[in-house]
>>> print(open('start24.pdb').read())   # PDB, C-alpha atoms
ATOM      1  CA  MET A   5       5.349 137.207 121.340
ATOM      2  CA  ASN A   6       3.457 134.028 120.549
ATOM      3  CA  ARG A   7       0.994 136.035 118.477
ATOM      4  CA  ILE A   8       3.857 137.522 116.448
ATOM      5  CA  VAL A   9       5.266 134.052 115.810
ATOM      6  CA  CYS A  10       1.861 132.815 114.727
ATOM      7  CA  ILE A  11       1.307 135.707 112.332
ATOM      8  CA  ILE A  12       4.772 135.198 110.834
ATOM      9  CA  ILE A  13       4.035 131.507 110.281
ATOM     10  CA  ALA A  14       0.680 132.342 108.734
ATOM     11  CA  ALA A  15       2.215 134.922 106.426
ATOM     12  CA  LEU A  16       4.929 132.495 105.364
ATOM     13  CA  LEU A  17       2.284 129.908 104.630
ATOM     14  CA  VAL A  18       0.658 132.231 102.102
ATOM     15  CA  CYS A  19       3.980 132.985 100.447
ATOM     16  CA  SER A  20       5.388 129.469 100.383
ATOM     17  CA  CYS A  21       3.458 126.329  99.621
ATOM     18  CA  THR A  22       6.623 124.328 100.271
ATOM     19  CA  LEU A  23       6.841 125.660 103.796
ATOM     20  CA  TYR A  24       3.186 124.826 104.333
ATOM     21  CA  GLU A  25       3.823 121.264 103.268
ATOM     22  CA  SER A  26       6.855 120.938 105.554
ATOM     23  CA  ILE A  27       4.974 122.311 108.563
ATOM     24  CA  THR A  28       2.040 119.980 108.157
ATOM     25  CA  LYS A  29       4.333 116.984 107.920
ATOM     26  CA  GLY A  30       5.017 117.443 111.623
ATOM     27  CA  ASP A  31       2.504 116.649 114.338
ATOM     28  CA  LYS A  32       2.346 120.016 116.112
ATOM     29  CA  VAL A  33       1.935 123.117 113.934
ATOM     30  CA  VAL A  34       1.685 126.022 116.399
ATOM     31  CA  GLN A  35       1.856 126.296 120.175
ATOM     32  CA  ILE A  36       0.690 129.119 122.433
ATOM     33  CA  GLY A  37       1.324 128.420 126.087
ATOM     34  CA  ARG A  38      -0.126 125.019 126.892
ATOM     35  CA  ALA A  39      -2.422 125.061 123.844
ATOM     36  CA  ALA A  40      -1.294 123.498 120.598
ATOM     37  CA  LEU A  41      -2.629 123.304 117.082
ATOM     38  CA  TYR A  42      -1.923 120.013 115.314
ATOM     39  CA  LYS A  43      -1.641 118.857 111.748
ATOM     40  CA  THR A  44      -4.855 116.869 112.146
ATOM     41  CA  ASP A  45      -6.703 120.070 113.096
ATOM     42  CA  LEU A  46      -5.650 121.699 109.826
ATOM     43  CA  GLU A  47      -6.512 118.617 107.809
ATOM     44  CA  LYS A  48     -10.110 118.857 109.045
ATOM     45  CA  VAL A  49     -10.601 122.340 107.597
ATOM     46  CA  ILE A  50      -8.545 122.100 104.402
ATOM     47  CA  PRO A  51     -10.303 120.079 101.680
ATOM     48  CA  LYS A  52      -8.236 117.540  99.794
ATOM     49  CA  GLY A  53      -7.416 118.179  96.168
ATOM     50  CA  ILE A  54      -7.518 121.997  96.215
ATOM     51  CA  ALA A  55      -4.717 124.140  94.796
ATOM     52  CA  PRO A  56      -1.653 124.640  97.026
ATOM     53  CA  GLN A  57      -2.226 128.411  97.085
ATOM     54  CA  ASP A  58      -5.777 127.882  98.364
ATOM     55  CA  SER A  59      -4.526 125.410 100.954
ATOM     56  CA  ALA A  60      -2.027 127.958 102.209
ATOM     57  CA  LEU A  61      -4.680 130.655 102.441
ATOM     58  CA  LEU A  62      -7.050 128.426 104.392
ATOM     59  CA  ALA A  63      -4.211 127.423 106.710
ATOM     60  CA  LYS A  64      -3.375 131.075 107.363
ATOM     61  CA  GLN A  65      -6.993 131.965 108.133
ATOM     62  CA  TYR A  66      -7.462 129.020 110.482
ATOM     63  CA  ILE A  67      -4.157 129.540 112.320
ATOM     64  CA  ASP A  68      -4.855 133.245 112.754
ATOM     65  CA  SER A  69      -8.320 132.603 114.122
ATOM     66  CA  TRP A  70      -7.093 129.877 116.456
ATOM     67  CA  ALA A  71      -4.225 132.043 117.715
ATOM     68  CA  ILE A  72      -6.455 135.016 118.470
ATOM     69  CA  LYS A  73      -8.858 132.790 120.384
ATOM     70  CA  GLN A  74      -6.076 131.270 122.482
ATOM     71  CA  LEU A  75      -4.455 134.631 123.196
ATOM     72  CA  MET A  76      -7.781 136.124 124.221
ATOM     73  CA  LEU A  77      -8.318 133.153 126.537
ATOM     74  CA  GLN A  78      -4.908 133.670 128.116
ATOM     75  CA  LYS A  79      -5.593 137.369 128.593
ATOM     76  CA  ALA A  80      -8.951 136.590 130.214
ATOM     77  CA  GLU A  81      -7.358 134.096 132.597
ATOM     78  CA  GLU A  82      -4.703 136.662 133.528
ATOM     79  CA  GLN A  83      -7.005 139.630 134.026
ATOM     80  CA  LEU A  84     -10.275 138.198 135.398
ATOM     81  CA  PRO A  85     -10.624 137.554 139.144
ATOM     82  CA  LYS A  86     -10.790 133.952 140.291
ATOM     83  CA  ASP A  87     -14.551 133.886 140.855
ATOM     84  CA  GLU A  88     -15.168 135.081 137.296
ATOM     85  CA  ARG A  89     -12.791 132.485 135.838
ATOM     86  CA  ASP A  90     -14.663 129.637 137.506
ATOM     87  CA  VAL A  91     -17.168 128.655 134.848
ATOM     88  CA  GLU A  92     -17.554 124.964 135.662
ATOM     89  CA  LYS A  93     -20.943 125.439 137.318
ATOM     90  CA  LEU A  94     -22.159 127.574 134.417
ATOM     91  CA  LEU A  95     -21.017 124.938 131.945
ATOM     92  CA  GLU A  96     -22.695 122.174 133.935
ATOM     93  CA  ASP A  97     -25.916 124.193 134.152
ATOM     94  CA  TYR A  98     -25.797 124.832 130.417
ATOM     95  CA  ARG A  99     -25.161 121.152 129.700
ATOM     96  CA  THR A 100     -28.113 120.193 131.908
ATOM     97  CA  GLN A 101     -30.447 122.675 130.242
ATOM     98  CA  LEU A 102     -29.333 121.659 126.757
ATOM     99  CA  LEU A 103     -29.792 117.921 127.340
ATOM    100  CA  VAL A 104     -33.163 118.399 129.033
ATOM    101  CA  PHE A 105     -34.278 120.701 126.201
ATOM    102  CA  ARG A 106     -33.260 118.154 123.548
ATOM    103  CA  TYR A 107     -34.990 115.313 125.366
ATOM    104  CA  GLU A 108     -38.187 117.321 125.855
ATOM    105  CA  ASN A 109     -38.223 118.258 122.161
ATOM    106  CA  LYS A 110     -37.754 114.629 121.136
ATOM    107  CA  TYR A 111     -40.455 113.493 123.555
ATOM    108  CA  VAL A 112     -42.931 116.097 122.294
ATOM    109  CA  GLU A 113     -42.186 115.526 118.594
ATOM    110  CA  GLU A 114     -42.927 111.803 118.969
ATOM    111  CA  ARG A 115     -46.285 112.393 120.689
ATOM    112  CA  LEU A 116     -47.670 115.779 119.674
ATOM    113  CA  ASP A 117     -50.889 115.820 117.670
ATOM    114  CA  THR A 118     -50.736 118.897 115.419
ATOM    115  CA  ASN A 119     -54.170 118.377 113.851
ATOM    116  CA  VAL A 120     -56.611 120.949 115.199
ATOM    117  CA  SER A 121     -60.170 120.604 113.926
ATOM    118  CA  LEU A 122     -62.358 123.504 112.885
ATOM    119  CA  MET A 123     -64.700 122.718 115.765
ATOM    120  CA  GLU A 124     -61.855 122.950 118.300
ATOM    121  CA  ARG A 125     -60.768 126.299 116.935
ATOM    122  CA  GLU A 126     -64.308 127.680 116.913
ATOM    123  CA  GLU A 127     -64.916 126.525 120.490
ATOM    124  CA  TYR A 128     -61.717 128.196 121.649
ATOM    125  CA  TYR A 129     -62.652 131.390 119.809
ATOM    126  CA  ARG A 130     -66.092 131.554 121.442
ATOM    127  CA  ALA A 131     -64.618 130.907 124.897
ATOM    128  CA  HIS A 132     -61.840 133.521 124.595
ATOM    129  CA  GLN A 133     -63.265 136.327 122.470
ATOM    130  CA  GLY A 134     -61.824 138.950 124.790
ATOM    131  CA  SER A 135     -58.372 137.844 123.633
ATOM    132  CA  PHE A 136     -59.158 138.739 120.027
ATOM    133  CA  VAL A 137     -60.041 142.402 120.333
ATOM    134  CA  GLY A 138     -58.328 144.219 117.465
ATOM    135  CA  LYS A 139     -55.946 147.107 118.084
ATOM    136  CA  ASN A 140     -55.845 148.526 114.545
ATOM    137  CA  GLY A 141     -59.056 147.229 113.030
ATOM    138  CA  VAL A 142     -59.355 144.797 110.135
ATOM    139  CA  TYR A 143     -61.125 144.822 106.823
ATOM    140  CA  LYS A 144     -61.976 142.970 103.634
ATOM    141  CA  GLY A 145     -62.110 144.641 100.253
ATOM    142  CA  ARG A 146     -60.058 145.829  97.339
ATOM    143  CA  LEU A 147     -57.483 148.585  96.889
ATOM    144  CA  VAL A 148     -57.038 150.187  93.486
ATOM    145  CA  LYS A 149     -54.263 152.741  92.839
ATOM    146  CA  MET A 150     -54.808 154.738  89.652
ATOM    147  CA  GLN A 151     -52.906 157.588  88.070
ATOM    148  CA  ASN A 152     -54.676 160.905  88.371
ATOM    149  CA  GLY A 153     -56.372 161.764  85.098
ATOM    150  CA  SER A 154     -57.017 158.138  84.127
ATOM    151  CA  PRO A 155     -59.969 157.978  81.687
ATOM    152  CA  ASN A 156     -61.380 155.071  83.724
ATOM    153  CA  MET A 157     -61.326 156.912  87.057
ATOM    154  CA  GLN A 158     -65.044 157.745  87.300
ATOM    155  CA  VAL A 159     -66.100 154.262  86.231
ATOM    156  CA  MET A 160     -63.784 152.756  88.858
ATOM    157  CA  LYS A 161     -65.187 154.993  91.617
ATOM    158  CA  LYS A 162     -68.729 153.984  90.681
ATOM    159  CA  LEU A 163     -67.899 150.275  90.636
ATOM    160  CA  ALA A 164     -66.171 150.539  94.042
ATOM    161  CA  LYS A 165     -69.436 151.655  95.649
ATOM    162  CA  SER A 166     -71.423 148.751  94.264
ATOM    163  CA  ARG A 167     -71.914 145.335  95.834
ATOM    164  CA  GLU A 168     -73.453 143.636  92.798
ATOM    165  CA  ILE A 169     -71.575 140.543  91.652
ATOM    166  CA  GLU A 170     -71.389 141.822  88.092
ATOM    167  CA  ASP A 171     -69.914 145.134  89.243
ATOM    168  CA  LEU A 172     -67.353 143.435  91.481
ATOM    169  CA  GLU A 173     -66.210 141.337  88.547
ATOM    170  CA  ALA A 174     -66.102 144.408  86.304
ATOM    171  CA  LEU A 175     -64.032 146.294  88.904
ATOM    172  CA  GLU A 176     -61.497 143.496  89.063
ATOM    173  CA  GLN A 177     -61.240 143.276  85.276
ATOM    174  CA  LEU A 178     -60.875 147.051  84.910
ATOM    175  CA  ALA A 179     -58.266 147.146  87.690
ATOM    176  CA  TYR A 180     -56.162 144.485  86.012
ATOM    177  CA  ASN A 181     -56.290 146.392  82.716
ATOM    178  CA  SER A 182     -55.838 150.011  83.785
ATOM    179  CA  ALA A 183     -54.794 150.370  87.440
ATOM    180  CA  TYR A 184     -51.236 151.239  88.450
ATOM    181  CA  LYS A 185     -51.593 148.769  91.342
ATOM    182  CA  TYR A 186     -54.363 146.436  92.457
ATOM    183  CA  SER A 187     -54.576 144.548  95.772
ATOM    184  CA  ASN A 188     -57.364 142.085  96.498
ATOM    185  CA  PHE A 189     -58.115 141.753 100.218
ATOM    186  CA  ASN A 190     -61.454 140.122  99.549
ATOM    187  CA  ASP A 191     -60.601 136.573 100.617
ATOM    188  CA  ASN A 192     -58.662 137.283 103.808
ATOM    189  CA  TRP A 193     -59.037 139.861 106.544
ATOM    190  CA  VAL A 194     -56.151 142.314 106.648
ATOM    191  CA  ASP A 195     -54.848 144.590 109.401
ATOM    192  CA  LEU A 196     -55.832 148.153 108.526
ATOM    193  CA  ASN A 197     -52.427 149.471 109.565
ATOM    194  CA  ILE A 198     -51.018 147.672 106.507
ATOM    195  CA  VAL A 199     -53.565 149.394 104.270
ATOM    196  CA  ALA A 200     -52.918 152.811 105.864
ATOM    197  CA  LYS A 201     -49.214 152.505 105.092
ATOM    198  CA  GLU A 202     -49.984 151.373 101.563
ATOM    199  CA  ILE A 203     -52.078 154.452 100.746
ATOM    200  CA  GLY A 204     -49.943 156.836 102.797
ATOM    201  CA  VAL A 205     -52.366 158.101 105.457
ATOM    202  CA  PRO A 206     -52.301 157.860 109.270
ATOM    203  CA  LEU A 207     -54.307 154.973 110.667
ATOM    204  CA  GLY A 208     -56.624 157.274 112.588
ATOM    205  CA  GLU A 209     -57.408 159.239 109.425
ATOM    206  CA  LEU A 210     -58.212 156.031 107.567
ATOM    207  CA  HIS A 211     -60.680 155.014 110.292
ATOM    208  CA  ARG A 212     -62.300 158.434 110.108
ATOM    209  CA  LEU A 213     -62.748 158.109 106.347
ATOM    210  CA  MET A 214     -64.140 154.588 106.651
ATOM    211  CA  ALA A 215     -66.609 155.644 109.325
ATOM    212  CA  LYS A 216     -67.749 158.515 107.079
ATOM    213  CA  ASP A 217     -68.409 156.300 104.069
ATOM    214  CA  GLY A 218     -68.747 152.591 104.750
ATOM    215  CA  THR A 219     -68.641 151.573 101.092
ATOM    216  CA  SER A 220     -65.472 153.145  99.682
ATOM    217  CA  VAL A 221     -62.665 155.541 100.567
ATOM    218  CA  GLU A 222     -60.677 157.816  98.276
ATOM    219  CA  VAL A 223     -57.221 159.154  99.103
ATOM    220  CA  VAL A 224     -55.631 161.449  96.523
ATOM    221  CA  ASP A 225     -52.019 162.622  96.297
ATOM    222  CA  THR A 226     -50.163 164.539  93.606
ATOM    223  CA  VAL A 227     -49.774 161.498  91.360
ATOM    224  CA  TYR A 228     -52.239 158.778  92.339
ATOM    225  CA  THR A 229     -55.784 158.257  93.528
ATOM    226  CA  ASN A 230     -56.240 155.346  95.952
ATOM    227  CA  ILE A 231     -59.717 153.853  95.852
ATOM    228  CA  LEU A 232     -60.392 151.553  98.786
ATOM    229  CA  GLN A 233     -63.468 149.395  98.358
ATOM    230  CA  VAL A 234     -64.802 148.363 101.781
ATOM    231  CA  LEU A 235     -66.706 145.079 101.813
ATOM    232  CA  GLU A 236     -66.398 144.289 105.552
ATOM    233  CA  TYR A 237     -64.901 146.341 108.351
ATOM    234  CA  VAL A 238     -64.189 145.814 112.064
ATOM    235  CA  ALA A 239     -63.182 148.942 113.964
ATOM    236  CA  PRO A 240     -60.412 149.069 116.592
ATOM    237  CA  GLY A 241     -61.523 147.870 120.013
ATOM    238  CA  GLU A 242     -63.964 145.328 118.578
ATOM    239  CA  VAL A 243     -63.586 141.550 118.432
ATOM    240  CA  THR A 244     -61.886 140.517 115.206
ATOM    241  CA  PRO A 245     -63.517 137.692 113.177
ATOM    242  CA  PHE A 246     -62.785 134.016 113.675
ATOM    243  CA  GLU A 247     -61.322 133.708 110.173
ATOM    244  CA  TYR A 248     -58.735 136.374 110.976
ATOM    245  CA  ASN A 249     -57.634 134.506 114.114
ATOM    246  CA  SER A 250     -57.959 130.886 112.987
ATOM    247  CA  GLY A 251     -54.225 130.346 112.394
ATOM    248  CA  LYS A 252     -53.288 131.991 115.681
ATOM    249  CA  ILE A 253     -55.825 129.846 117.548
ATOM    250  CA  LYS A 254     -54.334 126.699 116.046
ATOM    251  CA  GLU A 255     -50.874 127.715 117.295
ATOM    252  CA  ILE A 256     -52.281 128.420 120.777
ATOM    253  CA  ILE A 257     -53.969 125.016 120.983
ATOM    254  CA  ILE A 258     -50.840 123.196 119.787
ATOM    255  CA  SER A 259     -48.742 125.138 122.309
ATOM    256  CA  ARG A 260     -51.107 124.092 125.084
ATOM    257  CA  ARG A 261     -50.829 120.473 124.003
ATOM    258  CA  LYS A 262     -47.035 120.752 124.202
ATOM    259  CA  GLN A 263     -47.239 122.100 127.735
ATOM    260  CA  GLU A 264     -49.654 119.349 128.745
ATOM    261  CA  LEU A 265     -47.292 116.709 127.370
ATOM    262  CA  LEU A 266     -44.340 118.191 129.236
ATOM    263  CA  SER A 267     -46.307 118.505 132.475
ATOM    264  CA  ALA A 268     -47.411 114.882 132.179
ATOM    265  CA  LEU A 269     -43.821 113.832 131.456
ATOM    266  CA  GLN A 270     -42.550 115.600 134.574
ATOM    267  CA  ARG A 271     -45.284 114.038 136.734
ATOM    268  CA  ASP A 272     -44.576 110.555 135.350
ATOM    269  CA  ILE A 273     -40.818 110.869 135.853
ATOM    270  CA  LEU A 274     -41.257 112.048 139.428
ATOM    271  CA  ARG A 275     -43.799 109.332 140.260
ATOM    272  CA  ASP A 276     -41.621 106.637 138.719
ATOM    273  CA  ALA A 277     -38.583 107.829 140.663
ATOM    274  CA  LEU A 278     -40.521 107.789 143.957
ATOM    275  CA  ASN A 279     -41.993 104.354 143.281
ATOM    276  CA  ASN A 280     -38.580 102.923 142.468
ATOM    277  CA  ASN A 281     -36.790 104.598 145.355
ATOM    278  CA  LYS A 282     -34.650 106.713 143.051
ATOM    279  CA  ILE A 283     -35.351 109.694 145.292
ATOM    280  CA  LYS A 284     -34.441 109.500 148.953
ATOM    281  CA  ILE A 285     -35.910 112.095 151.270
ATOM    282  CA  ILE A 286     -33.574 112.840 154.190
ATOM    283  CA  ASP A 287     -35.671 113.676 157.253
ATOM    284  CA  GLU A 288     -34.523 115.458 160.387
ATOM    285  CA  ASP A 289     -34.125 112.240 162.437
ATOM    286  CA  GLU A 290     -31.660 110.826 159.932
ATOM    287  CA  LYS A 291     -29.671 114.039 160.009
ATOM    288  CA  ASP A 292     -29.474 113.875 163.818
ATOM    289  CA  ASP A 293     -28.279 110.236 163.704
ATOM    290  CA  ARG A 294     -25.312 111.387 161.678
TER     291      ARG A 294
END
>>> encode(input="start24.pdb", output="structure tokens")
Amino acid sequence: MNRIVCIIIAALLVCSCTLYESITKGDKVVQIGRAALYKTDLEKVIPKGIAPQDSALLAKQYIDSWAIKQLMLQKAEEQLPKDERDVEKLLEDYRTQLLVFRYENKYVEERLDTNVSLMEREEYYRAHQGSFVGKNGVYKGRLVKMQNGSPNMQVMKKLAKSREIEDLEALEQLAYNSAYKYSNFNDNWVDLNIVAKEIGVPLGELHRLMAKDGTSVEVVDTVYTNILQVLEYVAPGEVTPFEYNSGKIKEIIISRRKQELLSALQRDILRDALNNNKIKIIDEDEKDDR
């Protein structure tokens, strides 16, 4: 019944700006059981100076949303057993976790050193190489996609097999001028699964082709020829290069610093509490005296 009343009020608000104004002149706008929606609640969500029609629409939307929430709450309190309605402990636990989380974040932000030197990253890499074994393999090189029948196809294939500086520059220039698509993976190592998807072959097939010819790979479909120039290649199951993992290593080191700060904070808080008698240990003798 209360829901029907609320919907009627909301509908009337849309139709009549005058009624909206008269309702909001009072203190209480809508009541459902012990819950009430007040004029001040509406004022917080309805900007000043907007058209009356817009005000009415916003009022309707807010009242409807508020009413549904209150009615759902009432239904939950009616239908749920007592133990499931008791959420005070859950709320207290959530409050505790939230406050502790915010304090820890503030504490860490004020003290955390996020600068990680190259030497630190290299030392970590050497000490934990087993953690950097690649699943898919990585590579450096260039990928040129050309339309079948391109007059520059044979020249491009020849340049892709060369490692001469002049030929590498010529390949790049020719790719920019005549290739359908050109991707330069020369500066950064790339996961080979990304390349396999790009040229439309299974990852295992790409590894087979790269093992067969370590300089370049050709994959042809009905429209395009993909020419993959291979400058450096690390097969699956082998340790991936430091450069490929440098960013990840930095994140790991910073994460460890965070944990060290939090561990030190917990130790200091506990020690301070013990030293200042903020923690009282109740032994068995004291319990017996009671």
>>> resolve_selection(input="start24.pdb", expression="the PyMOL selection byres ((chain A and resi 126-133) around 12)", output="list in words")
Val120, Ser121, Leu122, Met123, Glu124, Arg125, Gly134, Ser135, Phe136, Val137, Gly138, Gly241, Glu242, Val243, Thr244, Pro245, Phe246, Glu247, Tyr248, Asn249, Ser250, Gly251, Lys252, Ile253, Lys254, Glu255, Ile256, Ile257 and Arg260 of chain A
>>> resolve_selection(input="start24.pdb", expression="the PyMOL selection byres ((chain A and resi 192) around 10)", output="PyMOL selection string")
chain A and resi 142-145+188-191+193-195+247-248
>>> closest_residue(input="start24.pdb", among="A:Arg106, A:Tyr186, A:Asn230, A:Glu81", to="Lys201 in chain A", atoms="all atoms listed in the file")
A:Asn230
>>> closest_residue(input="start24.pdb", among="A:Gln151, A:Gly208, A:Ile54, A:Ile72", to="Thr226 in chain A", atoms="all atoms listed in the file")
A:Gln151
>>> residues_near_point(input="start24.pdb", point="(-9.5, 126.5, 108.7)", cutoff="8 Å", atoms="only C-alpha atoms", output="list in words")
Leu46, Lys48, Val49, Ile50, Leu62, Ala63, Lys64, Gln65, Tyr66 and Ile67 of chain A
>>> write_last_selection(input="start24.pdb", atoms="C-alpha atoms", output="PDB file, in the frame of the given file")
ATOM      1  CA  LEU A  46      -5.650 121.699 109.826  1.00  0.00           C
ATOM      2  CA  LYS A  48     -10.110 118.857 109.045  1.00  0.00           C
ATOM      3  CA  VAL A  49     -10.601 122.340 107.597  1.00  0.00           C
ATOM      4  CA  ILE A  50      -8.545 122.100 104.402  1.00  0.00           C
ATOM      5  CA  LEU A  62      -7.050 128.426 104.392  1.00  0.00           C
ATOM      6  CA  ALA A  63      -4.211 127.423 106.710  1.00  0.00           C
ATOM      7  CA  LYS A  64      -3.375 131.075 107.363  1.00  0.00           C
ATOM      8  CA  GLN A  65      -6.993 131.965 108.133  1.00  0.00           C
ATOM      9  CA  TYR A  66      -7.462 129.020 110.482  1.00  0.00           C
ATOM     10  CA  ILE A  67      -4.157 129.540 112.320  1.00  0.00           C
TER      11      ILE A  67
END
>>> atom_distance(input="start24.pdb", atom1="CA of Gly37 in chain A", atom2="CA of Val91 in chain A")
20.5 Å
>>> atom_distance(input="start24.pdb", atom1="CA of Asp58 in chain A", atom2="CA of Thr44 in chain A")
17.7 Å
>>> atom_distance(input="start24.pdb", atom1="CA of Thr229 in chain A", atom2="CA of Glu209 in chain A")
16.0 Å
>>> residues_near_point(input="start24.pdb", point="(-4.3, 122.3, 113.8)", cutoff="8 Å", atoms="only C-alpha atoms", output="PyMOL selection string")
chain A and resi 32-34+40-47+67
>>> residues_around(input="start24.pdb", residues="Leu210 in chain A", least_positions_apart="4", cutoff="9 Å", atoms="all atoms listed in the file", output="mmCIF file with C-alpha atoms, in the coordinates of the input")
data_model
loop_
_atom_site.group_PDB
_atom_site.id
_atom_site.type_symbol
_atom_site.label_atom_id
_atom_site.label_comp_id
_atom_site.auth_asym_id
_atom_site.auth_seq_id
_atom_site.Cartn_x
_atom_site.Cartn_y
_atom_site.Cartn_z
ATOM 1 C CA LEU A 196 -55.832 148.153 108.526
ATOM 2 C CA ASN A 197 -52.427 149.471 109.565
ATOM 3 C CA VAL A 199 -53.565 149.394 104.270
ATOM 4 C CA ALA A 200 -52.918 152.811 105.864
ATOM 5 C CA VAL A 205 -52.366 158.101 105.457
ATOM 6 C CA PRO A 206 -52.301 157.860 109.270
ATOM 7 C CA MET A 214 -64.140 154.588 106.651
ATOM 8 C CA ALA A 215 -66.609 155.644 109.325
ATOM 9 C CA VAL A 221 -62.665 155.541 100.567
#
>>> resolve_selection(input="start24.pdb", expression="the PyMOL selection byres ((chain A and resi 265-271) around 12)", output="MDAnalysis selection string")
chainID A and resid 104:105 107:117 258:264 272:278
>>> closest_residue(input="start24.pdb", among="A:Pro155, A:Leu77, A:Leu232, A:Arg146", to="Glu173 in chain A", atoms="only C-alpha atoms")
A:Arg146
>>> residues_around(input="start24.pdb", residues="Tyr184 in chain A", least_positions_apart="5", cutoff="12 Å", atoms="only C-alpha atoms", output="PDB file with C-alpha atoms, in the frame of the given file")
ATOM      1  CA  LEU A 147     -57.483 148.585  96.889  1.00  0.00           C
ATOM      2  CA  VAL A 148     -57.038 150.187  93.486  1.00  0.00           C
ATOM      3  CA  LYS A 149     -54.263 152.741  92.839  1.00  0.00           C
ATOM      4  CA  MET A 150     -54.808 154.738  89.652  1.00  0.00           C
ATOM      5  CA  GLN A 151     -52.906 157.588  88.070  1.00  0.00           C
ATOM      6  CA  ASN A 152     -54.676 160.905  88.371  1.00  0.00           C
ATOM      7  CA  SER A 154     -57.017 158.138  84.127  1.00  0.00           C
ATOM      8  CA  ASN A 156     -61.380 155.071  83.724  1.00  0.00           C
ATOM      9  CA  MET A 157     -61.326 156.912  87.057  1.00  0.00           C
ATOM     10  CA  LEU A 178     -60.875 147.051  84.910  1.00  0.00           C
ATOM     11  CA  ALA A 179     -58.266 147.146  87.690  1.00  0.00           C
ATOM     12  CA  VAL A 227     -49.774 161.498  91.360  1.00  0.00           C
ATOM     13  CA  TYR A 228     -52.239 158.778  92.339  1.00  0.00           C
ATOM     14  CA  THR A 229     -55.784 158.257  93.528  1.00  0.00           C
ATOM     15  CA  ASN A 230     -56.240 155.346  95.952  1.00  0.00           C
ATOM     16  CA  ILE A 231     -59.717 153.853  95.852  1.00  0.00           C
TER      17      ILE A 231
END
>>> build_atoms(input="start24.pdb", residues="range 181-185 of chain A", atoms="all heavy atoms", output="PDB file, in the frame of the given file")
ATOM      1  N   ASN A 181     -56.622 145.809  84.014  1.00  0.00           N
ATOM      2  CA  ASN A 181     -56.290 146.392  82.716  1.00  0.00           C
ATOM      3  C   ASN A 181     -55.762 147.823  82.799  1.00  0.00           C
ATOM      4  O   ASN A 181     -54.967 148.239  81.940  1.00  0.00           O
ATOM      5  CB  ASN A 181     -57.521 146.377  81.798  1.00  0.00           C
ATOM      6  CG  ASN A 181     -57.894 144.962  81.389  1.00  0.00           C
ATOM      7  OD1 ASN A 181     -57.036 144.084  81.313  1.00  0.00           O
ATOM      8  ND2 ASN A 181     -59.179 144.737  81.141  1.00  0.00           N
ATOM      9  N   SER A 182     -56.176 148.590  83.818  1.00  0.00           N
ATOM     10  CA  SER A 182     -55.838 150.011  83.785  1.00  0.00           C
ATOM     11  C   SER A 182     -55.261 150.577  85.078  1.00  0.00           C
ATOM     12  O   SER A 182     -54.788 151.723  85.067  1.00  0.00           O
ATOM     13  CB  SER A 182     -57.085 150.837  83.416  1.00  0.00           C
ATOM     14  OG  SER A 182     -58.090 150.694  84.425  1.00  0.00           O
ATOM     15  N   ALA A 183     -55.292 149.833  86.173  1.00  0.00           N
ATOM     16  CA  ALA A 183     -54.794 150.370  87.440  1.00  0.00           C
ATOM     17  C   ALA A 183     -53.268 150.303  87.507  1.00  0.00           C
ATOM     18  O   ALA A 183     -52.645 149.411  86.935  1.00  0.00           O
ATOM     19  CB  ALA A 183     -55.394 149.607  88.615  1.00  0.00           C
ATOM     20  N   TYR A 184     -52.675 151.281  88.210  1.00  0.00           N
ATOM     21  CA  TYR A 184     -51.236 151.239  88.450  1.00  0.00           C
ATOM     22  C   TYR A 184     -50.905 150.085  89.393  1.00  0.00           C
ATOM     23  O   TYR A 184     -49.903 149.392  89.218  1.00  0.00           O
ATOM     24  CB  TYR A 184     -50.788 152.569  89.054  1.00  0.00           C
ATOM     25  CG  TYR A 184     -49.336 152.580  89.490  1.00  0.00           C
ATOM     26  CD1 TYR A 184     -48.312 152.710  88.558  1.00  0.00           C
ATOM     27  CD2 TYR A 184     -48.993 152.430  90.833  1.00  0.00           C
ATOM     28  CE1 TYR A 184     -46.992 152.710  88.948  1.00  0.00           C
ATOM     29  CE2 TYR A 184     -47.666 152.424  91.233  1.00  0.00           C
ATOM     30  CZ  TYR A 184     -46.670 152.560  90.296  1.00  0.00           C
ATOM     31  OH  TYR A 184     -45.362 152.549  90.687  1.00  0.00           O
ATOM     32  N   LYS A 185     -51.778 149.865  90.391  1.00  0.00           N
ATOM     33  CA  LYS A 185     -51.593 148.769  91.342  1.00  0.00           C
ATOM     34  C   LYS A 185     -52.961 148.310  91.837  1.00  0.00           C
ATOM     35  O   LYS A 185     -53.842 149.136  92.068  1.00  0.00           O
ATOM     36  CB  LYS A 185     -50.719 149.202  92.523  1.00  0.00           C
ATOM     37  CG  LYS A 185     -50.364 148.078  93.474  1.00  0.00           C
ATOM     38  CD  LYS A 185     -49.408 148.547  94.562  1.00  0.00           C
ATOM     39  CE  LYS A 185     -49.033 147.399  95.486  1.00  0.00           C
ATOM     40  NZ  LYS A 185     -48.088 147.844  96.562  1.00  0.00           N
TER      41      LYS A 185
END
